[in-house]
Amino acid sequence: MTQTTSAAGIAWDLSDLFADYNDPAITSVLDEAAAEAKAFAQTYRGTINVPDGPDAEHLRAGLEEFESLQDKMSRPAVYATLLFSADTSKPEHRNLQQNVEQRLTTIQNELLFFSLEWLELSDADAQKLVDHPVLESYRHYLANARRYQPHKLSEAEERIINEKDITGISAWQRLHAEITSGLSFPMEIDGAQQQLTLDAVLSLMYHSDRAVRQQAFTKLFEVLGNHTQTLAYIYNTLVQDKLTMDRLRIYPDPMAQRNLDNEIEPDVVETMIAVVEQNYTLAQRYFTLKAKLLNLPRLQIYDQYAPIGEVSIKMGFEEAQTVILESFTAFDPSFRETANLFFERNWIDAEIRPGKRGGAFCMPYPPSLHPYILCNYTDKLRDAMTVAHELGHGIHFWMARKQSLLNFSPTLPLAETASVFGEMLTFEHLLERELERGNKLALVCGKIEDIFATVFRQNVLTRFEQDVFATRAANRLTPEQLGQHWIAANQRYYGDAVETTGGYEFGWSYIPHFINSPFYCYSYVFGELLVLALYGMYREQGQAFAPRYLSLLEAGGSQAPNALLVELGVDLHDPGFWQLGFQELQRLIEWAEELAA
Ligand SMILES: [Zn+2]
């Protein structure tokens, strides 16, 4: 499918990395990295885990060499990924990616001892090094790695777990994916019978025709209903496995491991979740407005994603560039300058091409070079927002390159700090333009509903998981019991504003996060609310806010989120901070009410 849009010719220039898939330099870099990894192992193996610990200077030299090796290795890895994303149909690209991956795995295995030896040191010896001034710039990295130490098992045990997981949790996860991706949903659309996949039937929830949404909803749960025994069995098994592993690894509660990964204190998560719940009434207020706009007495669950009008504005790539840069300038000139690099130096691949992968992403590595952005620009206003989002990521990574590689990547809860912010800047800037009222309303409602999906819905999912883990400890849960937990968690959100009957009790059964990454969902809530609150601070403080926000971006992942945000005067333990995010949401809802009136 070749589609001509205004972005034709907007393709990235990868020559900063390599010339082509068969560039001999790729092999040379891999050979060099392999040789350096061998030499690294010869120098450092057995020198970190030594009585009384290594010299601080020795460890520092090791960390620096380790970083430069990782940077070198990221080049072929990133190149292979970008090339494959640019054209997935070429077997040469797939082969390159596989070869590079295989070679890098071997090299990484050679380096594994380095982090393991660090973990094997006694607490006292490790602490001495963490506190040593020579290692100051690695303090957070070193201390962070040590936090997993109390939860590690012996090497023999870890190896057995890894091997048994293949026929254990991984097998259950695969089975879940196989069942859900193999489901077929019979639908009648425009008089023709069709068999739809799960993704396709879920996307019909956004259809403008209510009859189509209703049919999709009914079929979705009719088909899922036939599989709930098996899906509940799989989920029960995975929850039990996690409870067992948490006991063996001495994690105090089911969320503890996720909190450790996110570097977020448990009471911060609880505070945030509670504030979100207090604001469910705000969601209900919007759903009541939406029912009115759709001419319905009350929303059914299948109406919640129904589109409010349509944004009919088209926006070419060049215009998007202008609008985005304008909106970034208003915030801070350096925001604009950085974004402009991406356009000027061809770090963006925006055109539609056959074989190109869908969606959009920003690739941060290698930090010694610059990030790359991929998107599929179809001249819709939404595409301009996507570019603003990915440029936000790009700016974050570009600014964080002041940090060395191990301190570079922002932790998951901070990963969307600049992307969602950049999107907000462009969104508000667009709304200031002379837009027709219907377009404005459609834009604002779209934004509100995006926020609902990341804040409210993910909060519901998290509460559901907590309930399931709390009750599963005593007993295996039947599909009906899982359904009761699911409806209870959803009911608190929807209140009387949305009807949640008609099969919705099986809504838990197809969600991959529950199966593959328990308690991941609260990170979405955290990221989005954080940015909304920061945006609120920006609107309150004006220009004074920008420099402090930019230093947050520059800090990358060099500190835990809490430590970085304290610098902006943010206290994550304070419910008032999280409420700031909801003030921004409320502002949008009031805006929608006004436009609808
Ligand atoms: Zn993003």
# chains A, B, ... in the order shown; residues from 1 in each chain; ligands from 1

call {"tool": "residues_near_ligand", "arguments": {"ligand": "ligand 1", "cutoff": "9 Å", "atoms": "only C-alpha atoms and all ligand atoms", "output": "NGL selection string"}}
result
:A and (360-362 or 386 or 389-390 or 392-393 or 415-420)

call {"tool": "select_by_dssp", "arguments": {"residues": "region 166-350 of chain A", "states": "strand (DSSP E)", "output": "number ranges by chain"}}
result
A: 185-189, 192-196, 299-300, 348-349

call {"tool": "write_last_selection", "arguments": {"atoms": "C-alpha atoms", "output": "JSON list (two decimals), in the first residue's frame"}}
result
[["chain", "number", "residue", "atom", "x", "y", "z"],
["A", 185, "PHE", "CA", -15.57, -12.95, 16.62],
["A", 186, "PRO", "CA", -18.43, -13.29, 14.12],
["A", 187, "MET", "CA", -19.75, -9.85, 13.20],
["A", 188, "GLU", "CA", -22.25, -8.59, 10.71],
["A", 189, "ILE", "CA", -21.02, -5.32, 9.24],
["A", 192, "ALA", "CA", -21.79, -8.98, 5.35],
["A", 193, "GLN", "CA", -20.68, -11.69, 7.81],
["A", 194, "GLN", "CA", -17.09, -11.26, 9.00],
["A", 195, "GLN", "CA", -14.78, -13.04, 11.40],
["A", 196, "LEU", "CA", -12.81, -10.52, 13.43],
["A", 299, "LEU", "CA", -24.00, 5.62, 28.73],
["A", 300, "GLN", "CA", -23.65, 1.88, 28.35],
["A", 348, "ILE", "CA", 12.75, 11.69, 11.73],
["A", 349, "ASP", "CA", 11.23, 9.10, 9.45]]

call {"tool": "select_by_dssp", "arguments": {"residues": "region 243-272 of chain A", "states": "alpha helix (DSSP H)", "output": "list in words"}}
result
Leu243, Thr244, Met245, Asp246, Arg247, Leu248, Ala256, Gln257, Arg258, Asn259, Leu260, Asp261, Asn262, Pro266, Asp267, Val268, Val269, Glu270, Thr271 and Met272 of chain A

call {"tool": "atom_distance", "arguments": {"atom1": "CA of Val387 (chain A)", "atom2": "CA of Glu326 (chain A)"}}
result
13.7 Å

call {"tool": "atom_distance", "arguments": {"atom1": "CA of Pro547 (chain A)", "atom2": "CA of Trp578 (chain A)"}}
result
21.7 Å

call {"tool": "closest_residue", "arguments": {"among": "A:Glu163, A:Glu554, A:Glu57, A:Glu505", "to": "Phe408 (chain A)", "atoms": "only C-alpha atoms"}}
result
A:Glu554

call {"tool": "closest_residue", "arguments": {"among": "A:Pro24, A:Pro297, A:Pro410, A:Pro307", "to": "Arg210 (chain A)", "atoms": "only C-alpha atoms"}}
result
A:Pro307

call {"tool": "closest_residue", "arguments": {"among": "A:Ser368, A:Gln173, A:Gln586, A:Gln304", "to": "His513 (chain A)", "atoms": "only C-alpha atoms"}}
result
A:Gln173

call {"tool": "residues_around", "arguments": {"residues": "Tyr280 (chain A)", "least_positions_apart": "3", "cutoff": "8 Å", "atoms": "only C-alpha atoms", "output": "ChimeraX atom specification"}}
result
/A:276-277,283-284,456,492-494

call {"tool": "residues_around", "arguments": {"residues": "Asp574 (chain A)", "least_positions_apart": "2", "cutoff": "12 Å", "atoms": "only C-alpha atoms", "output": "PyMOL selection string"}}
result
chain A and resi 267-272+274-275+562+566+569-572+576-580

call {"tool": "residues_around", "arguments": {"residues": "region 292-294 of chain A", "least_positions_apart": "2", "cutoff": "10 Å", "atoms": "only C-alpha atoms", "output": "PyMOL selection string"}}
result
chain A and resi 210+286-290+296-299+303+306-309+593+596-597

call {"tool": "atom_distance", "arguments": {"atom1": "CA of Asp246 (chain A)", "atom2": "CA of Ile515 (chain A)"}}
result
16.1 Å

call {"tool": "closest_atom_pairs", "arguments": {"of": "region 377-467 of chain A", "to": "region 252-264 of chain A", "cutoff": "9 Å", "atoms": "only C-alpha atoms", "output": "Markdown table"}}
result
| residue | atom | partner | partner_atom | distance |
| --- | --- | --- | --- | --- |
| A:Thr411 | CA | A:Asn262 | CA | 6.4 |
| A:Leu412 | CA | A:Asn262 | CA | 6.1 |
| A:Pro413 | CA | A:Asn262 | CA | 6.4 |
| A:Gln466 | CA | A:Pro254 | CA | 7.8 |

call {"tool": "write_last_selection", "arguments": {"atoms": "all heavy atoms", "output": "PDB file, in the first residue's frame"}}
result
ATOM      1  N   THR A 411      13.913   6.503  34.498  1.00  0.00           N
ATOM      2  CA  THR A 411      13.175   5.331  34.985  1.00  0.00           C
ATOM      3  C   THR A 411      11.763   5.357  34.403  1.00  0.00           C
ATOM      4  O   THR A 411      11.271   6.416  34.010  1.00  0.00           O
ATOM      5  CB  THR A 411      13.064   5.351  36.518  1.00  0.00           C
ATOM      6  OG1 THR A 411      12.708   6.685  36.900  1.00  0.00           O
ATOM      7  CG2 THR A 411      14.347   4.968  37.187  1.00  0.00           C
ATOM      8  N   LEU A 412      11.128   4.214  34.404  1.00  0.00           N
ATOM      9  CA  LEU A 412       9.803   4.079  33.785  1.00  0.00           C
ATOM     10  C   LEU A 412       8.810   5.169  34.210  1.00  0.00           C
ATOM     11  O   LEU A 412       8.166   5.777  33.356  1.00  0.00           O
ATOM     12  CB  LEU A 412       9.258   2.676  34.068  1.00  0.00           C
ATOM     13  CG  LEU A 412       7.879   2.374  33.510  1.00  0.00           C
ATOM     14  CD1 LEU A 412       7.892   2.318  32.006  1.00  0.00           C
ATOM     15  CD2 LEU A 412       7.368   1.039  34.066  1.00  0.00           C
ATOM     16  N   PRO A 413       8.674   5.477  35.510  1.00  0.00           N
ATOM     17  CA  PRO A 413       7.685   6.499  35.885  1.00  0.00           C
ATOM     18  C   PRO A 413       7.998   7.888  35.317  1.00  0.00           C
ATOM     19  O   PRO A 413       7.103   8.726  35.213  1.00  0.00           O
ATOM     20  CB  PRO A 413       7.752   6.547  37.414  1.00  0.00           C
ATOM     21  CG  PRO A 413       8.393   5.264  37.812  1.00  0.00           C
ATOM     22  CD  PRO A 413       9.291   4.864  36.696  1.00  0.00           C
ATOM     23  N   GLN A 466      -4.812  -5.775  42.930  1.00  0.00           N
ATOM     24  CA  GLN A 466      -4.615  -5.829  44.384  1.00  0.00           C
ATOM     25  C   GLN A 466      -5.659  -6.739  45.032  1.00  0.00           C
ATOM     26  O   GLN A 466      -5.321  -7.577  45.866  1.00  0.00           O
ATOM     27  CB  GLN A 466      -4.730  -4.425  44.990  1.00  0.00           C
ATOM     28  CG  GLN A 466      -3.493  -3.576  44.763  1.00  0.00           C
ATOM     29  CD  GLN A 466      -3.634  -2.207  45.425  1.00  0.00           C
ATOM     30  OE1 GLN A 466      -4.690  -1.577  45.337  1.00  0.00           O
ATOM     31  NE2 GLN A 466      -2.578  -1.750  46.070  1.00  0.00           N
TER      32      GLN A 466
END

call {"tool": "decode", "arguments": {"residues": "region 150-192 of chain A", "atoms": "C-alpha atoms", "output": "PDB file, in the first residue's frame"}}
result
ATOM      1  CA  PRO A 150      18.166  -9.168  49.625  1.00  0.00           C
ATOM      2  CA  HIS A 151      15.812 -10.777  47.077  1.00  0.00           C
ATOM      3  CA  LYS A 152      18.390 -12.807  45.156  1.00  0.00           C
ATOM      4  CA  LEU A 153      18.561 -16.566  45.602  1.00  0.00           C
ATOM      5  CA  SER A 154      21.671 -18.676  45.189  1.00  0.00           C
ATOM      6  CA  GLU A 155      23.098 -18.998  41.685  1.00  0.00           C
ATOM      7  CA  ALA A 156      22.039 -22.662  41.491  1.00  0.00           C
ATOM      8  CA  GLU A 157      18.491 -21.754  42.520  1.00  0.00           C
ATOM      9  CA  GLU A 158      18.303 -18.855  40.072  1.00  0.00           C
ATOM     10  CA  ARG A 159      19.452 -21.136  37.272  1.00  0.00           C
ATOM     11  CA  ILE A 160      16.819 -23.752  38.084  1.00  0.00           C
ATOM     12  CA  ILE A 161      14.103 -21.080  38.223  1.00  0.00           C
ATOM     13  CA  ASN A 162      15.172 -19.723  34.825  1.00  0.00           C
ATOM     14  CA  GLU A 163      15.087 -23.150  33.252  1.00  0.00           C
ATOM     15  CA  LYS A 164      11.819 -24.199  34.881  1.00  0.00           C
ATOM     16  CA  ASP A 165      10.141 -20.883  33.956  1.00  0.00           C
ATOM     17  CA  ILE A 166      10.263 -21.926  30.305  1.00  0.00           C
ATOM     18  CA  THR A 167       7.783 -24.712  31.010  1.00  0.00           C
ATOM     19  CA  GLY A 168       6.240 -22.753  33.898  1.00  0.00           C
ATOM     20  CA  ILE A 169       5.111 -19.127  33.787  1.00  0.00           C
ATOM     21  CA  SER A 170       6.377 -18.512  30.259  1.00  0.00           C
ATOM     22  CA  ALA A 171       4.353 -21.457  29.003  1.00  0.00           C
ATOM     23  CA  TRP A 172       1.206 -20.150  30.715  1.00  0.00           C
ATOM     24  CA  GLN A 173       1.798 -16.688  29.279  1.00  0.00           C
ATOM     25  CA  ARG A 174       2.221 -18.141  25.802  1.00  0.00           C
ATOM     26  CA  LEU A 175      -0.926 -20.192  26.184  1.00  0.00           C
ATOM     27  CA  HIS A 176      -2.864 -17.076  27.168  1.00  0.00           C
ATOM     28  CA  ALA A 177      -1.524 -15.212  24.127  1.00  0.00           C
ATOM     29  CA  GLU A 178      -2.311 -18.156  21.859  1.00  0.00           C
ATOM     30  CA  ILE A 179      -5.873 -18.449  23.081  1.00  0.00           C
ATOM     31  CA  THR A 180      -6.661 -14.736  22.927  1.00  0.00           C
ATOM     32  CA  SER A 181      -4.980 -14.156  19.579  1.00  0.00           C
ATOM     33  CA  GLY A 182      -6.704 -17.220  18.106  1.00  0.00           C
ATOM     34  CA  LEU A 183     -10.208 -16.065  19.064  1.00  0.00           C
ATOM     35  CA  SER A 184     -12.607 -15.303  16.260  1.00  0.00           C
ATOM     36  CA  PHE A 185     -15.573 -12.950  16.625  1.00  0.00           C
ATOM     37  CA  PRO A 186     -18.428 -13.285  14.117  1.00  0.00           C
ATOM     38  CA  MET A 187     -19.751  -9.850  13.205  1.00  0.00           C
ATOM     39  CA  GLU A 188     -22.254  -8.592  10.705  1.00  0.00           C
ATOM     40  CA  ILE A 189     -21.025  -5.324   9.242  1.00  0.00           C
ATOM     41  CA  ASP A 190     -22.827  -3.591   6.355  1.00  0.00           C
ATOM     42  CA  GLY A 191     -24.849  -6.744   5.766  1.00  0.00           C
ATOM     43  CA  ALA A 192     -21.793  -8.982   5.352  1.00  0.00           C
TER      44      ALA A 192
END
